[in-house]
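Note: the block below is run30.txt and it holds compact mmCIF, C-alpha atoms (C1' of nucleotides).
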# COMPACT_ATOMS: atom_id res chain seq x y z
CA MET X 4 34.84 22.21 22.14
CA THR X 5 32.48 21.80 25.05
CA SER X 6 30.23 18.82 25.02
CA GLY X 7 27.40 17.66 27.20
CA PRO X 8 25.39 14.53 27.87
CA LEU X 9 25.42 11.87 25.18
CA VAL X 10 22.36 10.90 23.21
CA ILE X 11 22.27 7.52 21.48
CA LEU X 12 19.39 7.52 19.06
CA GLY X 13 18.11 5.30 16.31
CA SER X 14 15.07 3.52 14.99
CA THR X 15 13.52 0.51 16.58
CA ALA X 16 15.79 -2.56 16.34
CA SER X 17 18.82 -0.38 15.65
CA GLY X 18 20.63 -1.81 18.69
CA LYS X 19 20.79 1.46 20.61
CA SER X 20 19.96 -0.20 23.93
CA ASP X 21 22.76 -2.74 23.54
CA VAL X 22 25.21 -0.01 22.65
CA ALA X 23 24.12 2.09 25.62
CA MET X 24 24.45 -0.85 28.00
CA ALA X 25 27.93 -1.63 26.70
CA LEU X 26 28.96 1.99 27.21
CA ALA X 27 27.46 2.14 30.69
CA ARG X 28 29.22 -1.04 31.77
CA LEU X 29 32.52 0.66 31.01
CA HIS X 30 31.61 3.76 33.03
CA PRO X 31 30.00 3.28 36.45
CA GLU X 32 29.00 6.94 36.56
CA ALA X 33 26.75 6.50 33.51
CA GLU X 34 22.98 6.35 34.02
CA LEU X 35 20.59 5.64 31.17
CA ILE X 36 17.48 7.64 30.36
CA ALA X 37 15.00 5.92 28.07
CA VAL X 38 13.44 8.41 25.67
CA ASP X 39 10.63 6.21 24.46
CA ALA X 40 6.92 6.93 24.34
CA MET X 41 5.84 3.37 25.14
CA GLN X 42 8.49 2.19 27.60
CA VAL X 43 6.97 4.63 30.08
CA TYR X 44 4.11 2.16 30.57
CA SER X 45 4.50 -0.45 33.26
CA GLY X 46 3.34 -3.89 32.19
CA MET X 47 4.34 -3.34 28.57
CA ASP X 48 7.72 -5.01 28.64
CA ILE X 49 8.22 -7.54 25.86
CA GLY X 50 6.54 -5.58 23.08
CA THR X 51 8.38 -2.35 23.88
CA ALA X 52 11.73 -4.16 24.10
CA LYS X 53 12.23 -2.71 27.54
CA PRO X 54 15.67 -3.33 29.12
CA SER X 55 15.82 -6.58 31.06
CA TRP X 56 15.73 -6.67 34.83
CA ASP X 57 19.34 -7.82 34.80
CA ASP X 58 20.35 -4.75 32.81
CA ARG X 59 18.29 -2.54 35.07
CA ALA X 60 19.99 -4.03 38.10
CA ALA X 61 23.43 -3.52 36.61
CA VAL X 62 22.93 0.03 35.37
CA GLN X 63 20.65 2.75 36.70
CA HIS X 64 17.77 3.36 34.26
CA HIS X 65 15.35 6.29 34.22
CA CYS X 66 12.01 7.05 32.61
CA LEU X 67 10.84 3.44 32.49
CA ASP X 68 7.49 2.40 34.00
CA LEU X 69 6.42 5.94 34.77
CA VAL X 70 2.68 5.31 34.56
CA ASP X 71 0.03 2.62 34.54
CA VAL X 72 -1.32 1.43 31.18
CA ALA X 73 -4.69 2.87 32.12
CA ASP X 74 -3.25 6.39 32.11
CA ASP X 75 -2.77 8.78 29.24
CA PHE X 76 0.70 10.19 28.83
CA THR X 77 2.01 13.33 27.14
CA VAL X 78 5.18 14.93 25.84
CA THR X 79 5.07 17.56 28.54
CA HIS X 80 4.93 14.99 31.28
CA PHE X 81 7.88 13.22 29.76
CA ALA X 82 9.96 16.37 29.36
CA GLN X 83 9.40 17.23 32.99
CA VAL X 84 10.40 13.81 34.32
CA ALA X 85 13.40 13.48 32.03
CA ARG X 86 14.75 16.94 32.82
CA GLU X 87 14.41 16.18 36.53
CA ALA X 88 16.28 12.92 36.04
CA ILE X 89 19.13 14.69 34.26
CA ALA X 90 19.35 17.25 37.05
CA VAL X 91 19.43 14.56 39.72
CA ILE X 92 22.09 12.52 37.94
CA GLU X 93 24.31 15.54 37.41
CA SER X 94 23.85 16.68 40.99
CA ARG X 95 25.54 13.48 42.14
CA ASN X 96 28.23 13.76 39.45
CA GLY X 97 26.76 11.02 37.32
CA CYS X 98 26.64 11.08 33.56
CA PRO X 99 23.22 10.92 31.91
CA VAL X 100 23.06 9.04 28.63
CA LEU X 101 19.82 9.37 26.69
CA VAL X 102 18.68 6.37 24.67
CA ALA X 103 16.16 7.78 22.24
CA GLY X 104 13.67 6.37 19.77
CA THR X 105 10.86 8.92 20.05
CA GLY X 106 11.90 12.04 18.18
CA LEU X 107 9.41 14.49 19.63
CA TYR X 108 10.12 13.37 23.19
CA LEU X 109 13.83 13.83 22.60
CA ARG X 110 13.36 17.35 21.25
CA SER X 111 11.24 18.20 24.28
CA VAL X 112 14.21 17.36 26.49
CA THR X 113 17.16 18.62 24.47
CA ASP X 114 15.60 21.75 22.95
CA PRO X 115 13.99 24.80 24.56
CA MET X 116 10.50 23.72 23.57
CA VAL X 117 7.52 25.59 24.94
CA VAL X 118 4.46 23.41 24.70
CA PRO X 119 1.21 25.34 25.05
CA GLY X 120 -1.29 24.33 27.72
CA ARG X 121 -4.55 22.45 27.43
CA TRP X 122 -8.10 23.69 27.34
CA PRO X 123 -10.24 20.58 27.61
CA GLU X 124 -13.59 22.35 27.32
CA VAL X 125 -12.48 24.17 24.17
CA HIS X 126 -11.11 20.91 22.84
CA ALA X 127 -14.37 19.07 23.46
CA GLU X 128 -16.33 21.78 21.70
CA LEU X 129 -13.99 21.61 18.70
CA GLU X 130 -14.30 17.83 18.52
CA ALA X 131 -18.06 18.21 18.47
CA ARG X 132 -17.86 20.78 15.67
CA LEU X 133 -15.51 18.49 13.79
CA GLU X 134 -18.25 15.86 13.76
CA VAL X 135 -20.92 18.09 12.28
CA ALA X 136 -18.98 20.65 10.23
CA GLY X 137 -15.91 18.70 9.11
CA VAL X 138 -12.21 19.55 9.07
CA GLU X 139 -12.43 22.16 6.30
CA SER X 140 -14.58 24.39 8.46
CA LEU X 141 -12.12 24.22 11.34
CA HIS X 142 -9.16 24.75 9.07
CA ASP X 143 -10.87 27.79 7.53
CA GLN X 144 -11.20 29.27 10.98
CA LEU X 145 -7.55 28.56 11.74
CA VAL X 146 -6.52 30.28 8.51
CA ALA X 147 -8.45 33.33 9.65
CA LEU X 148 -7.11 33.33 13.21
CA ASP X 149 -3.53 32.10 12.78
CA PRO X 150 -2.47 31.87 9.14
CA VAL X 151 1.11 30.99 10.05
CA ALA X 152 0.05 27.94 12.03
CA ALA X 153 -2.49 26.98 9.36
CA ALA X 154 0.21 27.04 6.72
CA ARG X 155 2.32 24.64 8.77
CA MET X 156 -0.19 21.81 8.63
CA GLU X 157 -2.20 19.82 6.14
CA PRO X 158 -5.82 20.98 6.04
CA ASN X 159 -6.87 17.36 6.36
CA ASN X 160 -4.95 16.66 9.53
CA ALA X 161 -7.88 16.95 11.92
CA ARG X 162 -5.90 16.22 15.03
CA ARG X 163 -3.42 19.03 14.49
CA VAL X 164 -6.02 21.53 13.27
CA VAL X 165 -8.11 20.89 16.38
CA ARG X 166 -5.11 21.23 18.64
CA ALA X 167 -3.98 24.51 17.08
CA LEU X 168 -7.47 25.98 17.35
CA GLU X 169 -7.72 24.77 20.93
CA VAL X 170 -4.59 26.72 21.80
CA VAL X 171 -5.57 29.87 19.91
CA LEU X 172 -9.08 29.99 21.34
CA GLY X 173 -8.06 28.85 24.80
CA SER X 174 -4.94 30.92 25.33
CA GLY X 175 -5.83 34.00 23.34
CA ARG X 176 -2.38 33.73 21.80
CA LEU X 177 -1.39 32.50 18.37
CA PHE X 178 -0.44 28.85 18.23
CA SER X 179 2.49 29.86 16.05
CA SER X 180 3.77 32.19 18.78
CA PHE X 181 4.80 29.29 21.01
CA GLY X 182 8.45 28.68 20.27
CA PRO X 183 10.25 28.67 16.93
CA GLY X 184 8.71 25.44 15.68
CA LEU X 185 10.35 22.08 15.17
CA ASP X 186 12.20 23.00 12.02
CA THR X 187 14.94 25.03 13.70
CA TYR X 188 17.94 23.38 15.26
CA PRO X 189 19.74 25.68 17.69
CA PRO X 190 23.01 24.66 19.36
CA ILE X 191 22.42 22.44 22.39
CA ARG X 192 24.62 20.97 25.07
CA PHE X 193 23.71 17.38 24.15
CA GLU X 194 26.00 15.36 21.90
CA GLN X 195 23.81 13.26 19.60
CA PHE X 196 24.86 10.04 17.90
CA GLY X 197 22.56 8.23 15.49
CA LEU X 198 22.75 4.55 14.63
CA ARG X 199 21.99 4.08 10.95
CA TRP X 200 21.45 0.81 9.06
CA PRO X 201 20.95 -0.15 5.43
CA ARG X 202 17.21 -0.57 5.20
CA PRO X 203 17.11 -4.20 4.00
CA ILE X 204 19.25 -5.32 6.93
CA LEU X 205 17.14 -3.37 9.40
CA THR X 206 14.01 -4.88 7.89
CA ASP X 207 15.42 -8.31 8.53
CA ARG X 208 16.33 -7.43 12.12
CA ILE X 209 12.80 -6.17 12.72
CA ALA X 210 11.19 -9.35 11.43
CA ARG X 211 13.44 -11.50 13.56
CA ARG X 212 12.83 -9.36 16.61
CA VAL X 213 9.06 -9.54 16.26
CA HIS X 214 9.20 -13.32 16.03
CA ARG X 215 11.44 -13.38 19.10
CA MET X 216 8.94 -11.24 21.02
CA ILE X 217 6.20 -13.73 20.20
CA ALA X 218 8.46 -16.57 21.34
CA ASP X 219 9.19 -14.66 24.54
CA GLY X 220 5.50 -14.51 25.43
CA LEU X 221 4.16 -11.30 23.95
CA VAL X 222 0.72 -12.82 23.39
CA ALA X 223 0.41 -13.68 27.08
CA GLU X 224 1.54 -10.17 28.02
CA VAL X 225 -1.16 -8.68 25.81
CA GLU X 226 -3.77 -11.08 27.22
CA THR X 227 -2.95 -9.82 30.69
CA LEU X 228 -3.35 -6.21 29.60
CA ALA X 229 -6.61 -7.03 27.87
CA ARG X 230 -8.19 -7.94 31.21
CA GLY X 231 -7.83 -4.43 32.61
CA PRO X 232 -8.38 -0.85 31.50
CA ILE X 233 -5.92 0.59 29.04
CA SER X 234 -5.52 4.15 27.83
CA ARG X 235 -5.87 5.09 24.18
CA THR X 236 -2.20 6.11 24.26
CA ALA X 237 -1.00 2.70 25.41
CA ARG X 238 -3.51 0.79 23.32
CA GLN X 239 -2.02 2.01 20.06
CA ALA X 240 1.43 0.59 20.74
CA LEU X 241 2.86 -1.52 17.94
CA GLY X 242 2.56 -5.20 18.67
CA TYR X 243 -0.23 -4.58 21.13
CA LYS X 244 -3.04 -3.18 19.02
CA GLU X 245 -2.57 -5.94 16.45
CA LEU X 246 -2.67 -8.65 19.12
CA PHE X 247 -5.72 -7.08 20.73
CA ASP X 248 -7.34 -7.49 17.31
CA HIS X 249 -6.19 -11.09 17.15
CA LEU X 250 -7.56 -11.83 20.64
CA ASP X 251 -10.86 -10.24 19.59
CA GLY X 252 -11.01 -12.71 16.72
CA VAL X 253 -10.44 -10.09 14.02
CA CYS X 254 -7.48 -11.93 12.49
CA SER X 255 -5.28 -14.99 12.88
CA LEU X 256 -2.09 -14.89 14.90
CA ASP X 257 0.01 -15.24 11.76
CA ALA X 258 -1.78 -12.34 10.12
CA ALA X 259 -1.31 -10.22 13.24
CA ILE X 260 2.40 -10.99 13.27
CA GLU X 261 2.77 -10.03 9.61
CA THR X 262 0.97 -6.75 10.28
CA ILE X 263 3.20 -6.03 13.27
CA ILE X 264 6.30 -6.56 11.14
CA THR X 265 5.04 -4.32 8.35
CA ARG X 266 3.97 -1.53 10.69
CA THR X 267 7.17 -1.73 12.71
CA ARG X 268 9.16 -1.40 9.51
CA GLN X 269 7.11 1.65 8.53
CA PHE X 270 7.60 3.06 11.99
CA ALA X 271 11.36 2.61 11.76
CA VAL X 272 11.36 4.54 8.49
CA ARG X 273 9.35 7.34 10.08
CA GLN X 274 11.85 7.48 12.94
CA GLU X 275 14.74 7.72 10.49
CA ARG X 276 13.00 10.50 8.58
CA TRP X 277 12.40 12.44 11.76
CA PHE X 278 15.98 12.12 12.95
CA ARG X 279 17.74 12.68 9.66
CA ARG X 280 16.45 16.24 9.42
CA ASP X 281 18.42 17.18 12.53
CA PRO X 282 21.84 18.44 11.35
CA ARG X 283 23.27 18.21 14.87
CA ILE X 284 23.26 14.41 14.85
CA ARG X 285 26.49 12.55 14.08
CA TRP X 286 25.69 9.36 12.24
CA ILE X 287 27.32 5.99 12.80
CA ASP X 288 26.74 3.60 9.91
CA ILE X 289 26.28 0.01 10.97
CA ASP X 290 25.72 -3.09 8.89
CA ASP X 291 26.56 -5.88 11.28
CA ASP X 292 27.49 -5.51 14.97
CA PRO X 293 26.17 -2.29 16.52
CA VAL X 294 28.24 -2.50 19.69
CA ALA X 295 31.51 -3.22 17.90
CA THR X 296 30.92 -0.40 15.43
CA ALA X 297 29.48 2.30 17.67
CA LEU X 298 31.28 1.80 20.96
CA PRO X 299 34.68 3.12 19.82
CA VAL X 300 33.05 6.29 18.46
CA LEU X 301 31.12 6.83 21.68
CA GLU X 302 34.22 6.15 23.76
CA LEU X 303 36.01 8.97 21.97
CA ALA X 304 33.13 11.30 22.67
CA TRP X 305 33.07 10.17 26.27
CA GLN X 306 36.75 11.04 26.73
CA SER X 307 36.27 14.57 25.43
CA TRP X 308 33.16 14.97 27.57
CA ASN X 309 34.82 14.00 30.86
C1' G Q 22 -11.36 -35.29 -22.16
C1' G Q 23 -16.04 -31.80 -21.50
C1' U Q 24 -18.55 -27.38 -19.35
C1' C Q 25 -18.24 -22.92 -16.76
C1' G Q 26 -15.39 -19.12 -14.38
C1' A Q 27 -10.87 -16.41 -13.70
C1' G Q 28 -6.09 -14.06 -15.70
C1' U Q 29 -5.41 -5.87 -15.22
C1' A Q 30 0.37 -2.25 -10.62
C1' G Q 31 4.66 -6.00 -5.88
C1' C Q 32 -0.45 -8.01 -3.44
C1' U Q 33 -6.04 -8.06 -3.32
C1' C Q 34 -9.26 -6.52 -6.84
C1' A Q 35 -12.68 -2.49 -9.70
C1' G Q 36 -13.15 -1.06 -14.81
C1' U Q 37 -20.74 0.85 -17.17
C1' C Q 38 -22.26 1.33 -24.19
C1' G Q 39 -15.54 0.09 -27.68
C1' G Q 40 -13.10 6.40 -26.81
C1' C Q 41 -6.42 9.09 -22.28
C1' A Q 42 -5.55 2.56 -17.21
C1' G Q 43 -8.21 2.85 -11.65
C1' A Q 44 -8.74 1.92 -6.02
C1' G Q 45 -7.01 -0.06 -1.37
C1' C Q 46 -2.66 -2.03 0.66
C1' A Q 47 2.66 -2.28 -0.07
C1' C Q 48 6.89 0.84 -1.63
C1' A Q 49 9.48 5.82 -2.11
C1' C Q 50 9.63 10.96 -0.56
C1' G Q 51 7.97 14.84 2.81
C1' C Q 52 5.34 17.17 7.17
C1' C Q 53 4.90 17.12 12.53
C1' U Q 54 4.57 21.72 19.45
C1' G Q 55 0.16 18.40 25.78
C1' A Q 56 -2.17 11.09 21.62
C1' A Q 57 4.02 10.96 18.32
C1' A Q 58 4.84 3.16 18.29
C1' A Q 59 -0.08 8.65 16.99
C1' G Q 60 -1.77 11.80 12.91
C1' C Q 61 -1.31 13.64 7.85
C1' G Q 62 0.47 15.08 2.57
C1' U Q 63 2.90 13.93 -2.22
C1' G Q 64 4.84 10.50 -5.72
C1' G Q 65 6.81 6.32 -8.82
C1' G Q 66 5.03 2.03 -10.74
C1' G Q 67 1.13 -1.37 -16.32
C1' U Q 68 3.38 -5.84 -22.87
C1' C Q 69 -4.59 -5.23 -19.26
C1' A Q 70 -1.75 -13.80 -19.89
C1' C Q 71 -0.21 -14.70 -25.22
C1' C Q 72 -1.04 -14.86 -30.82
C1' G Q 73 -4.02 -13.31 -34.71
C1' G Q 74 -8.55 -10.78 -36.68
C1' A Q 75 -12.76 -7.09 -37.58
C1' U Q 76 -12.86 -1.62 -36.33
C1' C Q 77 -10.91 5.30 -37.29
C1' G Q 78 -10.03 3.35 -32.40
C1' A Q 79 -9.86 -2.79 -28.10
C1' C Q 80 -8.61 -4.25 -21.22
C1' G Q 81 -13.52 -4.71 -23.55
C1' C Q 82 -15.82 -7.64 -29.66
C1' C Q 83 -14.45 -12.40 -32.86
C1' G Q 84 -11.03 -16.90 -33.50
C1' G Q 85 -7.17 -19.60 -31.34
C1' U Q 86 -3.22 -20.81 -27.52
C1' C Q 87 -1.46 -21.04 -22.39
C1' U Q 88 -2.13 -20.99 -16.96
C1' C Q 89 -5.20 -21.42 -12.54
C1' G Q 90 -9.87 -22.82 -10.12
C1' A Q 91 -14.65 -25.23 -9.74
C1' C Q 92 -17.87 -28.74 -11.53
C1' C Q 93 -19.03 -32.94 -14.93
C1' A Q 94 -17.12 -37.40 -16.84
Translate this file's structure into structure tokens.
Amino acid sequence: MTSGPLVILGSTASGKSDVAMALARLHPEAELIAVDAMQVYSGMDIGTAKPSWDDRAAVQHHCLDLVDVADDFTVTHFAQVAREAIAVIESRNGCPVLVAGTGLYLRSVTDPMVVPGRWPEVHAELEARLEVAGVESLHDQLVALDPVAAARMEPNNARRVVRALEVVLGSGRLFSSFGPGLDTYPPIRFEQFGLRWPRPILTDRIARRVHRMIADGLVAEVETLARGPISRTARQALGYKELFDHLDGVCSLDAAIETIITRTRQFAVRQERWFRRDPRIRWIDIDDDPVATALPVLELAWQSWN
RNA sequence: GGUCGAGUAGCUCAGUCGGCAGAGCACACGCCUGAAAAGCGUGGGGUCACCGGAUCGACGCCGGUCUCGACCA
């Protein structure tokens, strides 16, 4: 059986970074690629649980700090950078190991995804129509133009309806004609391992981690960001948007922390739901020490890979 | 001790004239193609504090009990 680069994936607080670091320390040729929609922002370190500077000095990391917090960021940009990183690592006989928490970003790297282009003027016009005419009107038009795409989304999901119409009107092609969709899982060269926890234990880990982030100075980090411009993409990061609210006087610090914990828990569940649909993932069940449990499994895979 | 108010889903609370028990959040399940830590859909869940009464019929009306809060003593 041929196998390719390893992917270590899991929800937030699943311990995937620790496991990846432990694996990389055993294999000097390993280089880590962070597949994470928020760790691409420089200046957002504590709240995104970015690898420490010590870890980054010990093991080569990629796809961290790609852009300034003032910039928007997209899947396509990520896919491009990550694919380049993989190519560079392999060209010097290194071994890329993807550490993934953002499902869509991971698919954009591992799968042959064709993401349609952008048509900003069409998009702006659709947003304007959304204001006056409402989602139903736009969805009706999508049903008429691209029934397949329309059937794949909730009529109420304005963001997706607008995007699909943007592509149809802008490209002259059907939105549904771009790639097979996310619900097909073709064979790929990546070997994916998922870290899976009993939910109550993960919930507890999340709460403890949020409190540790606060103790580590997350509020000060957010205060620093609040002084400068920040993109809508970065602004919505968990732990940041709630503390922006707190700093604006919307809620107390304790209330903000409770909200962060709740939303992070919900996010972790959404990550699990995304990943568990992918039949290509091999799951490692953990209920205590992620490194001790997962490392032997990954070592086996590593041996058959190299 | 007295007066008034409150008690309804895990939480915060709506519930009109007595006529099938509701919302938001939480939770569970699902979706996802240039914002994805984003955006959306579906669902489960009730001794309407308790006991009794009048009524064809009570969360609602009458009597009593308990708990909480405010005020008065």
Residues within 12 Å of C93 (chain Q), please, as a CSV table (one decimal) with C-alpha atoms (C1' of nucleotides), in the coordinates of the input. Count all atoms listed in the file; anything in the same chain fewer than 4 positions from it doesn't count.
chain,number,residue,atom,x,y,z
Q,22,G,C1',-11.4,-35.3,-22.2
Q,23,G,C1',-16.0,-31.8,-21.5
Q,24,U,C1',-18.6,-27.4,-19.4
Q,25,C,C1',-18.2,-22.9,-16.8
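Our summary of the geometry notes that CA of Ser179 (chain X) is positioned 20.4 Å from CA of Ala82 (chain X).
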### Task
Might you pull out every residue within 9 Å of region 74-82 of chain Q, with only C-alpha atoms (C1' of nucleotides) counted and same-chain residues fewer than 6 positions away left off, and present them as a ChimeraX atom specification?
/Q:29,36,39-40,42
### Message
Tell me as a list in words which residues belonging to chain X come within 7 Å of chain Q, counting only C-alpha atoms (C1' of nucleotides).
### Response
Met41, Thr77, Val78, Thr79, Leu107, Val118, Gly120, Arg121, Glu157, Asn159, Asn160, Arg162, Gly184, Thr236, Ala240, Leu241 and Phe270 of chain X
### Message
(31.1, 4.0, 30.4) in this file's frame - what residues fall within 12 Å of it? Use only C-alpha atoms (C1' of nucleotides) and give the answer as a ChimeraX atom specification.
### Response
/X:9,22-35,62,97-100,298-299,301-306,308-309
### Message
Could you list, as a PyMOL selection string, every residue within 8 Å of Pro189 (chain X), counting all atoms listed in the file and ignoring same-chain residues fewer than 2 positions away?
### Response
chain X and resi 114+187+191
### Sphere at (2.9, -9.4, 13.8), radius 8 Å, counting only C-alpha atoms (C1' of nucleotides): residues as a ChimeraX atom specification
/X:213-214,242,245-246,256-265
### Query
Could you work out how far CA of Gly18 (chain X) lies from CA of Ser55 (chain X), giving the answer in Å with one decimal?
14.1 Å
### Message
With only C-alpha atoms (C1' of nucleotides) as the counted atoms, please give the residues lying no more than 7 Å from Glu169 (chain X), apart from itself and same-chain residues fewer than 4 positions off, as a ChimeraX atom specification.
### Response
/X:122,125-126,165,173
### Query
Can you tell me how far CA of Val84 (chain X) sits from CA of Val112 (chain X), in Å to one decimal?
9.4 Å
### Query
From the list Q:U63, Q:U37, Q:A91, Q:C69, which residue is nearest A49 (chain Q) when using all atoms listed in the file?
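Among the listed residues, Q:U63 lies closest to A49 (chain Q).
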